[in-house]
file query_11.cif (mmCIF, C-alpha atoms)
data_my_file
loop_
_atom_site.label_atom_id
_atom_site.label_comp_id
_atom_site.auth_asym_id
_atom_site.auth_seq_id
_atom_site.Cartn_x
_atom_site.Cartn_y
_atom_site.Cartn_z
CA MET A 842 134.27 -125.36 57.70
CA ALA A 843 137.97 -126.18 58.05
CA LEU A 844 139.84 -124.56 60.89
CA ASN A 845 142.93 -122.48 60.31
CA VAL A 846 145.22 -123.79 63.08
CA ARG A 847 148.33 -122.08 64.41
CA SER A 848 150.35 -121.87 67.62
CA ILE A 849 149.49 -119.33 70.29
CA ALA A 850 151.26 -116.00 69.86
CA ASP A 851 151.80 -112.84 71.87
CA GLY A 852 148.50 -111.06 72.22
CA ASP A 853 146.37 -114.21 72.17
CA THR A 854 146.21 -114.84 75.92
CA GLU A 855 143.05 -112.89 76.72
CA SER A 856 141.02 -114.38 73.87
CA VAL A 857 142.22 -117.91 74.68
CA ILE A 858 141.25 -117.58 78.35
CA ALA A 859 137.89 -116.12 77.33
CA LEU A 860 137.26 -119.17 75.15
CA TRP A 861 138.34 -121.57 77.92
CA LYS A 862 136.09 -119.78 80.37
CA ALA A 863 133.11 -119.84 77.99
CA ALA A 864 133.70 -123.55 77.39
CA GLY A 865 133.75 -124.23 81.15
CA LEU A 866 137.39 -125.33 81.29
CA THR A 867 138.70 -122.93 83.95
CA VAL A 868 138.57 -123.94 87.61
CA PRO A 869 139.49 -121.97 90.74
CA HIS A 870 142.46 -124.18 91.63
CA ASN A 871 144.25 -123.55 88.30
CA ASP A 872 145.46 -120.16 87.13
CA PRO A 873 145.09 -120.10 83.31
CA TYR A 874 147.59 -117.24 82.99
CA LEU A 875 150.27 -119.28 84.74
CA ASP A 876 149.34 -122.39 82.74
CA ILE A 877 149.78 -120.50 79.47
CA GLN A 878 153.06 -118.98 80.62
CA PHE A 879 154.40 -122.36 81.76
CA CYS A 880 153.35 -124.07 78.52
CA ARG A 881 154.91 -121.44 76.29
CA ALA A 882 158.19 -121.65 78.21
CA SER A 883 158.44 -125.40 77.52
CA PRO A 884 160.12 -126.72 74.34
CA ASN A 885 157.88 -129.81 74.55
CA ALA A 886 154.48 -128.13 74.63
CA ASP A 887 152.29 -125.79 72.64
CA ILE A 888 148.81 -124.31 72.60
CA LEU A 889 147.11 -124.74 69.23
CA LEU A 890 144.43 -122.26 68.21
CA GLY A 891 141.78 -122.94 65.57
CA PHE A 892 140.16 -120.03 63.74
CA ASP A 893 137.07 -119.98 61.56
CA SER A 894 135.44 -117.07 59.73
CA GLU A 895 134.17 -115.65 63.04
CA GLY A 896 137.49 -115.75 64.89
CA LEU A 897 138.92 -118.02 67.56
CA ALA A 898 136.75 -121.14 67.65
CA ALA A 899 138.82 -123.86 69.33
CA ALA A 900 141.99 -124.40 71.33
CA ALA A 901 144.02 -127.26 72.74
CA MET A 902 147.10 -127.43 74.94
CA VAL A 903 149.34 -130.30 73.85
CA GLY A 904 152.70 -131.54 75.05
CA HIS A 905 154.81 -134.58 75.81
CA ASP A 906 157.00 -135.75 78.67
CA GLY A 907 159.52 -137.58 76.50
CA HIS A 908 157.44 -140.74 76.59
CA ARG A 909 153.74 -139.95 76.22
CA GLY A 910 151.73 -137.10 74.86
CA TRP A 911 149.13 -135.21 76.90
CA TYR A 912 146.21 -132.92 76.15
CA TYR A 913 144.75 -130.19 78.34
CA TYR A 914 142.29 -127.31 77.93
CA VAL A 915 140.68 -128.77 74.80
CA GLY A 916 137.68 -126.58 74.09
CA VAL A 917 135.39 -125.19 71.41
CA ALA A 918 133.44 -121.93 71.59
CA PRO A 919 129.94 -122.79 72.90
CA ASP A 920 128.12 -121.41 69.85
CA ARG A 921 130.23 -123.59 67.52
CA GLN A 922 130.12 -126.87 69.40
CA ALA A 923 128.69 -130.01 67.76
CA SER A 924 130.00 -128.77 64.39
CA GLY A 925 133.10 -130.94 64.04
CA LEU A 926 135.56 -128.33 65.30
CA GLY A 927 136.50 -130.40 68.36
CA ARG A 928 137.56 -133.26 66.13
CA GLN A 929 139.58 -130.85 63.97
CA ILE A 930 141.52 -129.29 66.84
CA MET A 931 142.23 -132.74 68.26
CA THR A 932 143.49 -133.93 64.87
CA ALA A 933 145.87 -130.96 64.81
CA ALA A 934 147.07 -131.83 68.32
CA GLU A 935 147.62 -135.47 67.33
CA GLU A 936 149.63 -134.40 64.28
CA TRP A 937 151.74 -132.14 66.50
CA LEU A 938 152.64 -135.18 68.63
CA LYS A 939 153.25 -137.48 65.67
CA GLU A 940 155.65 -134.97 64.12
CA ARG A 941 157.74 -135.25 67.30
CA GLY A 942 157.81 -139.01 67.32
CA VAL A 943 155.40 -139.50 70.19
CA GLY A 944 153.81 -142.94 70.01
CA LYS A 945 150.92 -142.59 72.47
CA ALA A 946 148.78 -139.82 73.92
CA GLN A 947 146.73 -139.65 77.10
CA LEU A 948 144.28 -137.29 78.72
CA MET A 949 142.34 -137.00 81.94
CA ILE A 950 138.58 -136.53 82.26
CA ARG A 951 136.85 -135.55 85.47
CA SER A 952 134.59 -138.29 86.78
CA GLY A 953 130.99 -137.84 85.77
CA ASN A 954 131.80 -135.87 82.61
CA ALA A 955 130.05 -138.38 80.35
CA ARG A 956 129.60 -135.99 77.44
CA VAL A 957 133.32 -135.31 77.12
CA LYS A 958 134.16 -139.01 77.59
CA SER A 959 131.77 -139.86 74.77
CA PHE A 960 133.45 -137.33 72.48
CA TYR A 961 136.88 -138.86 72.97
CA GLU A 962 135.51 -142.37 72.49
CA ARG A 963 134.07 -141.32 69.14
CA ILE A 964 137.48 -140.16 67.91
CA GLY A 965 139.25 -143.35 68.96
CA TYR A 966 140.36 -142.94 72.58
CA VAL A 967 139.80 -145.82 75.00
CA GLU A 968 139.64 -146.03 78.77
CA GLU A 969 142.62 -147.75 80.43
CA ASP A 970 142.79 -149.41 83.83
CA ARG A 971 145.03 -146.89 85.59
CA VAL A 972 144.93 -144.97 88.87
CA VAL A 973 145.83 -141.30 88.62
CA MET A 974 147.79 -139.98 91.60
CA ALA A 975 149.01 -136.44 92.18
CA LYS A 976 151.05 -134.29 94.52
CA ARG A 977 151.04 -130.48 94.51
CA PHE A 978 154.30 -128.55 94.74
CA ARG A 979 152.64 -125.20 95.23
CA PRO A 980 149.49 -124.28 97.11
CA VAL A 981 146.11 -124.12 95.46
CA PRO A 982 145.58 -120.47 94.44
CA ASP A 983 143.62 -118.56 97.05
CA TRP A 984 141.21 -116.55 94.94
CA GLN A 985 140.12 -114.65 98.02
CA THR A 986 143.53 -112.94 98.01
CA GLY A 987 142.69 -111.56 94.59
CA GLN A 988 139.64 -109.66 95.78
CA THR A 989 140.11 -106.10 94.62
CA GLU A 990 139.30 -103.02 96.65
CA THR A 991 138.28 -99.96 94.69
CA MET A 992 137.05 -96.48 95.60
CA VAL A 993 133.81 -95.68 93.81
CA LEU A 994 132.61 -92.13 93.22
CA HIS A 995 128.97 -91.30 92.47
CA LEU A 996 128.34 -88.20 90.37
CA GLU A 997 125.11 -86.50 89.31
CA MET A 998 123.63 -83.58 87.41
CA ARG A 999 120.31 -82.06 88.40
CA SER A 1000 119.60 -80.06 85.25
CA ARG A 1001 120.20 -80.42 81.55
CA PRO A 1002 123.55 -78.90 80.50
CA ASP A 1003 123.28 -75.41 79.02
CA ARG A 1004 124.87 -76.17 75.65
CA ALA A 1005 123.96 -77.13 72.11
CA PRO A 1006 123.20 -80.80 71.42
CA ALA A 1007 126.27 -82.94 70.86
CA VAL A 1008 127.44 -83.17 67.25
CA PRO A 1009 129.70 -85.97 65.96
CA PRO A 1010 133.28 -84.80 65.40
CA ASP A 1011 134.81 -84.66 61.94
CA ILE A 1012 137.33 -87.49 62.06
CA GLY A 1013 137.15 -88.36 58.37
CA LYS A 1014 134.75 -91.23 59.06
CA GLN A 1015 131.00 -91.53 59.55
CA VAL A 1016 130.09 -91.44 63.24
CA VAL A 1017 126.60 -92.66 64.17
CA LEU A 1018 125.02 -93.19 67.58
CA GLU A 1019 121.93 -95.38 67.39
CA GLN A 1020 119.58 -97.01 69.86
CA MET A 1021 119.56 -100.81 69.94
CA ALA A 1022 116.88 -103.24 70.91
CA VAL A 1023 117.83 -105.51 73.80
CA PRO A 1024 121.17 -106.91 72.57
CA SER A 1025 121.89 -110.60 72.35
CA VAL A 1026 124.04 -112.01 75.14
CA ARG A 1027 126.85 -112.73 72.72
CA PHE A 1028 126.93 -109.21 71.23
CA TYR A 1029 126.63 -107.62 74.67
CA ARG A 1030 129.58 -109.68 75.91
CA PHE A 1031 131.58 -108.44 72.90
CA LEU A 1032 130.83 -104.84 73.86
CA TYR A 1033 131.12 -105.21 77.64
CA ASP A 1034 134.32 -107.25 77.57
CA GLY A 1035 135.85 -105.11 74.84
CA VAL A 1036 135.13 -101.79 76.54
CA GLY A 1037 135.74 -102.92 80.11
CA GLY A 1038 138.43 -105.57 79.84
CA ASP A 1039 141.25 -103.12 80.56
CA TRP A 1040 139.35 -101.55 83.48
CA THR A 1041 138.37 -104.65 85.49
CA TRP A 1042 134.70 -104.78 84.55
CA VAL A 1043 133.84 -108.09 86.18
CA SER A 1044 130.27 -108.09 87.49
CA ARG A 1045 128.57 -109.07 84.22
CA ARG A 1046 131.55 -110.94 82.86
CA ILE A 1047 131.13 -113.63 85.53
CA MET A 1048 127.36 -114.01 84.99
CA ASP A 1049 126.16 -117.08 83.13
CA ASP A 1050 124.20 -116.49 79.93
CA GLY A 1051 120.79 -116.99 81.54
CA ALA A 1052 121.44 -114.49 84.32
CA LEU A 1053 122.88 -111.95 81.90
CA ALA A 1054 119.92 -112.29 79.52
CA SER A 1055 117.59 -111.58 82.41
CA VAL A 1056 119.54 -108.46 83.39
CA LEU A 1057 119.64 -107.16 79.84
CA SER A 1058 115.86 -107.43 79.42
CA ARG A 1059 115.03 -105.60 82.66
CA ALA A 1060 112.50 -102.77 82.60
CA GLY A 1061 113.89 -99.30 82.06
CA ALA A 1062 117.14 -100.36 80.36
CA GLU A 1063 118.22 -98.70 77.11
CA TYR A 1064 121.20 -99.53 74.89
CA HIS A 1065 122.89 -97.21 72.42
CA LEU A 1066 125.62 -98.26 70.01
CA LEU A 1067 128.31 -95.96 68.63
CA ARG A 1068 129.43 -96.92 65.12
CA VAL A 1069 132.33 -95.54 63.10
CA ASP A 1070 132.04 -96.31 59.40
CA GLY A 1071 129.57 -99.02 60.40
CA GLU A 1072 131.92 -100.73 62.85
CA PRO A 1073 130.96 -100.95 66.56
CA ALA A 1074 133.10 -98.42 68.41
CA GLY A 1075 131.48 -98.18 71.84
CA PHE A 1076 128.22 -98.35 73.73
CA CYS A 1077 126.29 -96.72 76.52
CA GLU A 1078 123.63 -98.24 78.72
CA LEU A 1079 120.99 -96.15 80.46
CA GLU A 1080 118.60 -97.24 83.18
CA ARG A 1081 115.47 -95.21 83.89
CA THR A 1082 113.39 -95.50 87.03
CA GLU A 1083 109.73 -96.39 86.67
CA ASP A 1084 108.65 -92.75 86.91
CA ARG A 1085 111.45 -91.90 84.40
CA LYS A 1086 112.65 -89.01 86.54
CA ASP A 1087 115.95 -90.60 87.56
CA VAL A 1088 118.39 -91.98 84.95
CA GLU A 1089 121.64 -93.82 85.54
CA LEU A 1090 124.35 -93.91 82.92
CA SER A 1091 125.22 -97.40 84.08
CA TYR A 1092 127.83 -98.38 81.47
CA PHE A 1093 129.69 -96.24 78.98
CA GLY A 1094 132.89 -96.49 76.98
CA LEU A 1095 134.80 -96.90 73.75
CA LEU A 1096 136.36 -100.04 72.35
CA PRO A 1097 140.18 -99.87 72.50
CA ASP A 1098 140.73 -99.25 68.76
CA PHE A 1099 138.63 -96.09 68.94
CA ILE A 1100 140.23 -94.43 71.96
CA GLY A 1101 142.31 -91.40 71.03
CA LEU A 1102 140.36 -90.46 67.89
CA GLY A 1103 138.59 -87.50 69.47
CA LEU A 1104 135.32 -89.31 70.11
CA GLY A 1105 135.25 -89.26 73.90
CA ARG A 1106 133.87 -85.79 74.59
CA TYR A 1107 131.22 -86.10 71.90
CA PHE A 1108 130.18 -89.54 73.14
CA ILE A 1109 129.73 -88.56 76.80
CA ASN A 1110 127.80 -85.41 75.82
CA ALA A 1111 125.63 -87.40 73.42
CA ALA A 1112 124.92 -89.99 76.12
CA ILE A 1113 123.86 -87.21 78.49
CA ASP A 1114 121.58 -85.78 75.78
CA LEU A 1115 119.95 -89.21 75.42
CA ALA A 1116 119.43 -89.43 79.17
CA TRP A 1117 117.65 -86.08 79.46
CA ARG A 1118 113.97 -86.06 78.54
CA PRO A 1119 111.29 -83.59 79.56
CA GLU A 1120 110.38 -85.70 82.61
CA THR A 1121 114.00 -86.27 83.70
CA GLU A 1122 115.06 -84.60 86.94
CA ARG A 1123 118.42 -86.25 87.61
CA VAL A 1124 121.12 -88.09 85.67
CA TRP A 1125 123.86 -89.90 87.55
CA VAL A 1126 126.88 -92.07 86.92
CA HIS A 1127 129.57 -93.80 88.94
CA THR A 1128 133.23 -94.31 88.25
CA CYS A 1129 136.10 -95.75 90.24
CA ASP A 1130 139.87 -95.71 90.55
CA LEU A 1131 140.11 -98.72 88.20
CA ASP A 1132 138.56 -96.75 85.36
CA HIS A 1133 140.39 -95.01 82.50
CA PRO A 1134 142.63 -92.27 83.97
CA ARG A 1135 140.70 -89.60 82.08
CA ALA A 1136 137.22 -90.91 82.91
CA LEU A 1137 136.63 -88.83 86.02
CA GLY A 1138 137.86 -85.63 84.38
CA ASN A 1139 135.57 -86.24 81.42
CA TYR A 1140 132.57 -86.65 83.71
CA LEU A 1141 133.42 -83.49 85.62
CA ARG A 1142 133.87 -81.46 82.41
CA ALA A 1143 130.55 -82.80 81.14
CA GLY A 1144 128.81 -81.29 84.16
CA PHE A 1145 128.58 -84.12 86.67
CA VAL A 1146 129.20 -83.27 90.33
CA PRO A 1147 130.45 -85.84 92.91
CA TYR A 1148 127.93 -86.46 95.68
CA ALA A 1149 128.95 -89.71 97.41
CA ARG A 1150 131.73 -92.26 97.65
CA GLU A 1151 132.17 -95.82 98.80
CA THR A 1152 134.73 -98.59 98.94
CA GLU A 1153 133.71 -101.65 96.94
CA ILE A 1154 135.21 -105.14 97.03
CA LEU A 1155 135.24 -106.83 93.63
CA PRO A 1156 135.65 -110.59 93.14
CA ASP A 1157 139.04 -111.84 92.00
CA PRO A 1158 139.30 -110.62 88.38
CA ARG A 1159 141.10 -113.85 87.42
CA LEU A 1160 137.80 -115.67 87.87
CA ALA A 1161 136.58 -113.57 84.93
CA GLY A 1162 139.69 -114.21 82.86
CA LEU A 1163 141.21 -110.83 83.72
CA PRO A 1164 144.58 -110.06 85.33
CA LEU A 1165 144.85 -108.52 88.76
CA PRO A 1166 144.79 -104.70 88.55
CA PRO A 1167 147.61 -102.47 89.82
CA ASP A 1168 147.77 -101.52 93.48
CA PRO A 1169 145.72 -98.40 94.35
CA ASP A 1170 148.78 -96.12 94.43
CA GLN A 1171 149.77 -97.27 90.93
CA ARG A 1172 146.49 -96.82 89.08
CA GLY A 1173 147.63 -93.78 87.15
CA HIS A 1174 144.89 -91.26 87.84
CA ALA A 1175 145.54 -87.56 87.51
CA PRO A 1176 146.93 -85.76 90.60
CA ASP A 1177 143.81 -83.59 90.86
CA SER A 1178 141.53 -86.63 90.82
CA LEU A 1179 139.33 -87.06 93.86
CA PHE A 1180 140.68 -90.60 93.99
CA ARG A 1181 144.07 -89.17 94.93
CA ASP A 1182 142.70 -86.34 97.09
CA PRO A 1183 141.71 -87.91 100.44
CA VAL A 1184 140.64 -84.57 101.89
CA ALA A 1185 138.14 -83.94 99.10
CA ALA A 1186 137.00 -87.56 99.08
CA ALA A 1187 136.48 -87.58 102.84
CA LYS A 1188 133.98 -84.74 102.51
CA LEU A 1189 131.68 -86.95 100.46
CA PRO A 1190 129.17 -89.14 102.32
CA LEU A 1191 129.40 -92.90 102.06
CA ALA A 1192 127.01 -94.60 99.66
CA ASN A 1193 126.02 -98.16 98.91
CA GLY A 1194 125.27 -100.22 95.87
CA ALA A 1195 127.77 -99.38 93.12
CA THR A 1196 128.33 -102.12 90.61
CA HIS A 1197 131.43 -102.27 88.43
#
call {"tool": "encode", "arguments": {"input": "query_11.cif", "output": "structure tokens"}}
result
Amino acid sequence: MALNVRSIADGDTESVIALWKAAGLTVPHNDPYLDIQFCRASPNADILLGFDSEGLAAAAMVGHDGHRGWYYYVGVAPDRQASGLGRQIMTAAEEWLKERGVGKAQLMIRSGNARVKSFYERIGYVEEDRVVMAKRFRPVPDWQTGQTETMVLHLEMRSRPDRAPAVPPDIGKQVVLEQMAVPSVRFYRFLYDGVGGDWTWVSRRIMDDGALASVLSRAGAEYHLLRVDGEPAGFCELERTEDRKDVELSYFGLLPDFIGLGLGRYFINAAIDLAWRPETERVWVHTCDLDHPRALGNYLRAGFVPYARETEILPDPRLAGLPLPPDPDQRGHAPDSLFRDPVAAAKLPLANGATH
């Protein structure tokens, strides 16, 4: 299939970094956000994006120094590699250089990366007898400084809410909540990254595919997909203990395009209904001050009661292709939130083990 290639545009950054990360191109000593910003500010550089029927499939950063052309961040989505897309995005990058009168292009390959070296040899690149030397003009990013502190609240309900079962709202579209089998890693990443990308969900984003597959297939896990006119709109993940008396609503949320349509209250109530079974004695959930500003209020209105708090340190979100979140005093939660009420929060005991 031929790629549809165009230059990077506003709004592409997150998807490009996600592709680079999936292709193994990001490293701790380079900040991809800064690299994209620097490239786009240069009149002699561009980032070319290749799209197939499934979306963004390949990308390449290309530029010239007035004498030679250079390539960086050349990558293809892992599930579409070995299908000729790498050759296509490189052809587009070569044409970009030729159109600007560049007579020669170069690239650097890390030592030991034989597979990538073989790819470039197949499309006509040859090794030259040169020594690459470098000098940094700014320090290597300290990813430890990007560790994010967040206050986590644990909430629970000890009895089924005294209300009628949740009914989908009339929004002029068909709303269906259905249980899934264990989702594929790729589809789960679509849901997890889509729902949690704006709220610094990092723990599963930084897992490799093997580790994530193992987590998804664990005993007691359930997955429920919200669809609107057949399109995925959100998901919830439940985890039941072996005796099935204790249930955690471990992940829950709507995809961005479906926030503000009046689905939130129905969805949380429906998730709670799914959690409660005759043998259930407790349903619990955790949220934090990085979550949607209305998340805590929705949980409280649904009948959850705070019972513990803790401070959690998350890894640098940039390692997961996410920007650093706002400082704690700028996270936008409602004034009556327990996150902004230190007196109320201090009355809650400390807990351990939350995972964002």
call {"tool": "resolve_selection", "arguments": {"input": "query_11.cif", "expression": "the PyMOL selection byres ((chain A and resi 992-997) around 6)", "output": "ChimeraX atom specification"}}
result
/A:991,998,1124-1130,1145-1152
call {"tool": "resolve_selection", "arguments": {"input": "query_11.cif", "expression": "the PyMOL selection byres ((chain A and resi 1018-1028) around 7)", "output": "ChimeraX atom specification"}}
result
/A:1016-1017,1029-1032,1050,1053-1054,1057-1058,1064-1068
call {"tool": "closest_atom_pairs", "arguments": {"input": "query_11.cif", "of": "range 907-977 of chain A", "to": "range 875-899 of chain A", "cutoff": "12 Å", "atoms": "only C-alpha atoms", "output": "CSV"}}
result
residue,atom,partner,partner_atom,distance
A:Gly907,CA,A:Asn885,CA,8.2
A:His908,CA,A:Asn885,CA,11.1
A:Arg909,CA,A:Asn885,CA,11.1
A:Gly910,CA,A:Ala886,CA,9.4
A:Trp911,CA,A:Ala886,CA,9.2
A:Tyr912,CA,A:Ile888,CA,9.7
A:Tyr913,CA,A:Ile888,CA,9.2
A:Tyr914,CA,A:Ile888,CA,8.9
A:Val915,CA,A:Ala899,CA,7.6
A:Gly916,CA,A:Ala899,CA,5.6
A:Val917,CA,A:Ala899,CA,4.2
A:Ala918,CA,A:Ala898,CA,5.2
A:Pro919,CA,A:Ala898,CA,8.8
A:Asp920,CA,A:Ala898,CA,8.9
A:Arg921,CA,A:Ala898,CA,7.0
A:Gln922,CA,A:Ala898,CA,8.9
A:Ala923,CA,A:Ala899,CA,12.0
A:Ser924,CA,A:Ala898,CA,10.7
A:Gly925,CA,A:Ala899,CA,10.5
A:Leu926,CA,A:Ala899,CA,6.8
A:Gly927,CA,A:Ala899,CA,7.0
A:Arg928,CA,A:Ala899,CA,10.0
A:Gln929,CA,A:Gly891,CA,8.4
A:Ile930,CA,A:Gly891,CA,6.5
A:Met931,CA,A:Leu889,CA,9.4
A:Thr932,CA,A:Leu889,CA,10.8
A:Ala933,CA,A:Leu889,CA,7.7
A:Ala934,CA,A:Leu889,CA,7.1
A:Glu935,CA,A:Leu889,CA,10.9
A:Glu936,CA,A:Leu889,CA,11.1
A:Trp937,CA,A:Asp887,CA,8.9
A:Leu938,CA,A:Ala886,CA,9.4
A:Glu940,CA,A:Asn885,CA,11.8
A:Arg941,CA,A:Asn885,CA,9.1
A:Gly942,CA,A:Asn885,CA,11.7
A:Val943,CA,A:Asn885,CA,10.9
call {"tool": "atom_distance", "arguments": {"input": "query_11.cif", "atom1": "CA of Arg977 in chain A", "atom2": "CA of Tyr961 in chain A"}}
result
27.1 Å
call {"tool": "resolve_selection", "arguments": {"input": "query_11.cif", "expression": "the PyMOL selection byres ((chain A and resi 1091-1097) around 9)", "output": "compact mmCIF listing (two decimals) with C-alpha atoms, in the frame of the given file"}}
result
# COMPACT_ATOMS: atom_id res chain seq x y z
CA LEU A 1032 130.83 -104.84 73.86
CA TYR A 1033 131.12 -105.21 77.64
CA GLY A 1035 135.85 -105.11 74.84
CA VAL A 1036 135.13 -101.79 76.54
CA GLY A 1037 135.74 -102.92 80.11
CA ASP A 1039 141.25 -103.12 80.56
CA LEU A 1067 128.31 -95.96 68.63
CA PRO A 1073 130.96 -100.95 66.56
CA ALA A 1074 133.10 -98.42 68.41
CA GLY A 1075 131.48 -98.18 71.84
CA PHE A 1076 128.22 -98.35 73.73
CA CYS A 1077 126.29 -96.72 76.52
CA GLU A 1078 123.63 -98.24 78.72
CA LEU A 1079 120.99 -96.15 80.46
CA GLU A 1080 118.60 -97.24 83.18
CA VAL A 1088 118.39 -91.98 84.95
CA GLU A 1089 121.64 -93.82 85.54
CA LEU A 1090 124.35 -93.91 82.92
CA ASP A 1098 140.73 -99.25 68.76
CA PHE A 1099 138.63 -96.09 68.94
CA ILE A 1100 140.23 -94.43 71.96
CA GLY A 1101 142.31 -91.40 71.03
CA LEU A 1104 135.32 -89.31 70.11
CA GLY A 1105 135.25 -89.26 73.90
CA PHE A 1108 130.18 -89.54 73.14
CA ILE A 1109 129.73 -88.56 76.80
CA ALA A 1112 124.92 -89.99 76.12
CA TRP A 1125 123.86 -89.90 87.55
CA VAL A 1126 126.88 -92.07 86.92
CA HIS A 1127 129.57 -93.80 88.94
CA THR A 1196 128.33 -102.12 90.61
CA HIS A 1197 131.43 -102.27 88.43
call {"tool": "decode", "arguments": {"input": "query_11.cif", "residues": "range 915-921 of chain A", "atoms": "all heavy atoms", "output": "PDB file, in the first residue's frame"}}
result
ATOM      1  N   VAL A 915      13.926   7.977  11.895  1.00  0.00           N
ATOM      2  CA  VAL A 915      13.243   7.253  10.825  1.00  0.00           C
ATOM      3  C   VAL A 915      12.632   5.994  11.440  1.00  0.00           C
ATOM      4  O   VAL A 915      13.351   5.146  11.972  1.00  0.00           O
ATOM      5  CB  VAL A 915      14.216   6.877   9.692  1.00  0.00           C
ATOM      6  CG1 VAL A 915      13.481   6.083   8.612  1.00  0.00           C
ATOM      7  CG2 VAL A 915      14.853   8.133   9.103  1.00  0.00           C
ATOM      8  N   GLY A 916      11.325   5.889  11.394  1.00  0.00           N
ATOM      9  CA  GLY A 916      10.685   4.747  12.044  1.00  0.00           C
ATOM     10  C   GLY A 916       9.370   4.363  11.399  1.00  0.00           C
ATOM     11  O   GLY A 916       8.687   5.189  10.787  1.00  0.00           O
ATOM     12  N   VAL A 917       9.010   3.103  11.562  1.00  0.00           N
ATOM     13  CA  VAL A 917       7.751   2.547  11.078  1.00  0.00           C
ATOM     14  C   VAL A 917       7.046   1.889  12.257  1.00  0.00           C
ATOM     15  O   VAL A 917       7.687   1.271  13.118  1.00  0.00           O
ATOM     16  CB  VAL A 917       7.997   1.512   9.956  1.00  0.00           C
ATOM     17  CG1 VAL A 917       6.694   0.837   9.536  1.00  0.00           C
ATOM     18  CG2 VAL A 917       8.664   2.183   8.759  1.00  0.00           C
ATOM     19  N   ALA A 918       5.736   2.025  12.318  1.00  0.00           N
ATOM     20  CA  ALA A 918       4.962   1.385  13.381  1.00  0.00           C
ATOM     21  C   ALA A 918       5.290  -0.106  13.433  1.00  0.00           C
ATOM     22  O   ALA A 918       5.360  -0.756  12.381  1.00  0.00           O
ATOM     23  CB  ALA A 918       3.475   1.596  13.153  1.00  0.00           C
ATOM     24  N   PRO A 919       5.517  -0.664  14.619  1.00  0.00           N
ATOM     25  CA  PRO A 919       5.965  -2.067  14.719  1.00  0.00           C
ATOM     26  C   PRO A 919       5.088  -3.071  13.988  1.00  0.00           C
ATOM     27  O   PRO A 919       5.591  -4.023  13.398  1.00  0.00           O
ATOM     28  CB  PRO A 919       5.965  -2.316  16.232  1.00  0.00           C
ATOM     29  CG  PRO A 919       6.195  -0.968  16.834  1.00  0.00           C
ATOM     30  CD  PRO A 919       5.467  -0.003  15.930  1.00  0.00           C
ATOM     31  N   ASP A 920       3.781  -2.860  13.980  1.00  0.00           N
ATOM     32  CA  ASP A 920       2.898  -3.842  13.337  1.00  0.00           C
ATOM     33  C   ASP A 920       2.874  -3.704  11.816  1.00  0.00           C
ATOM     34  O   ASP A 920       2.224  -4.492  11.135  1.00  0.00           O
ATOM     35  CB  ASP A 920       1.483  -3.733  13.898  1.00  0.00           C
ATOM     36  CG  ASP A 920       0.864  -2.366  13.676  1.00  0.00           C
ATOM     37  OD1 ASP A 920       1.616  -1.391  13.496  1.00  0.00           O
ATOM     38  OD2 ASP A 920      -0.375  -2.271  13.688  1.00  0.00           O
ATOM     39  N   ARG A 921       3.577  -2.680  11.282  1.00  0.00           N
ATOM     40  CA  ARG A 921       3.614  -2.516   9.824  1.00  0.00           C
ATOM     41  C   ARG A 921       5.040  -2.563   9.279  1.00  0.00           C
ATOM     42  O   ARG A 921       5.299  -2.195   8.141  1.00  0.00           O
ATOM     43  CB  ARG A 921       2.965  -1.198   9.405  1.00  0.00           C
ATOM     44  CG  ARG A 921       1.461  -1.322   9.233  1.00  0.00           C
ATOM     45  CD  ARG A 921       0.729  -0.740  10.405  1.00  0.00           C
ATOM     46  NE  ARG A 921       0.279   0.603  10.130  1.00  0.00           N
ATOM     47  CZ  ARG A 921      -0.160   1.437  11.073  1.00  0.00           C
ATOM     48  NH1 ARG A 921      -0.166   1.048  12.336  1.00  0.00           N
ATOM     49  NH2 ARG A 921      -0.570   2.639  10.772  1.00  0.00           N
TER      50      ARG A 921
END
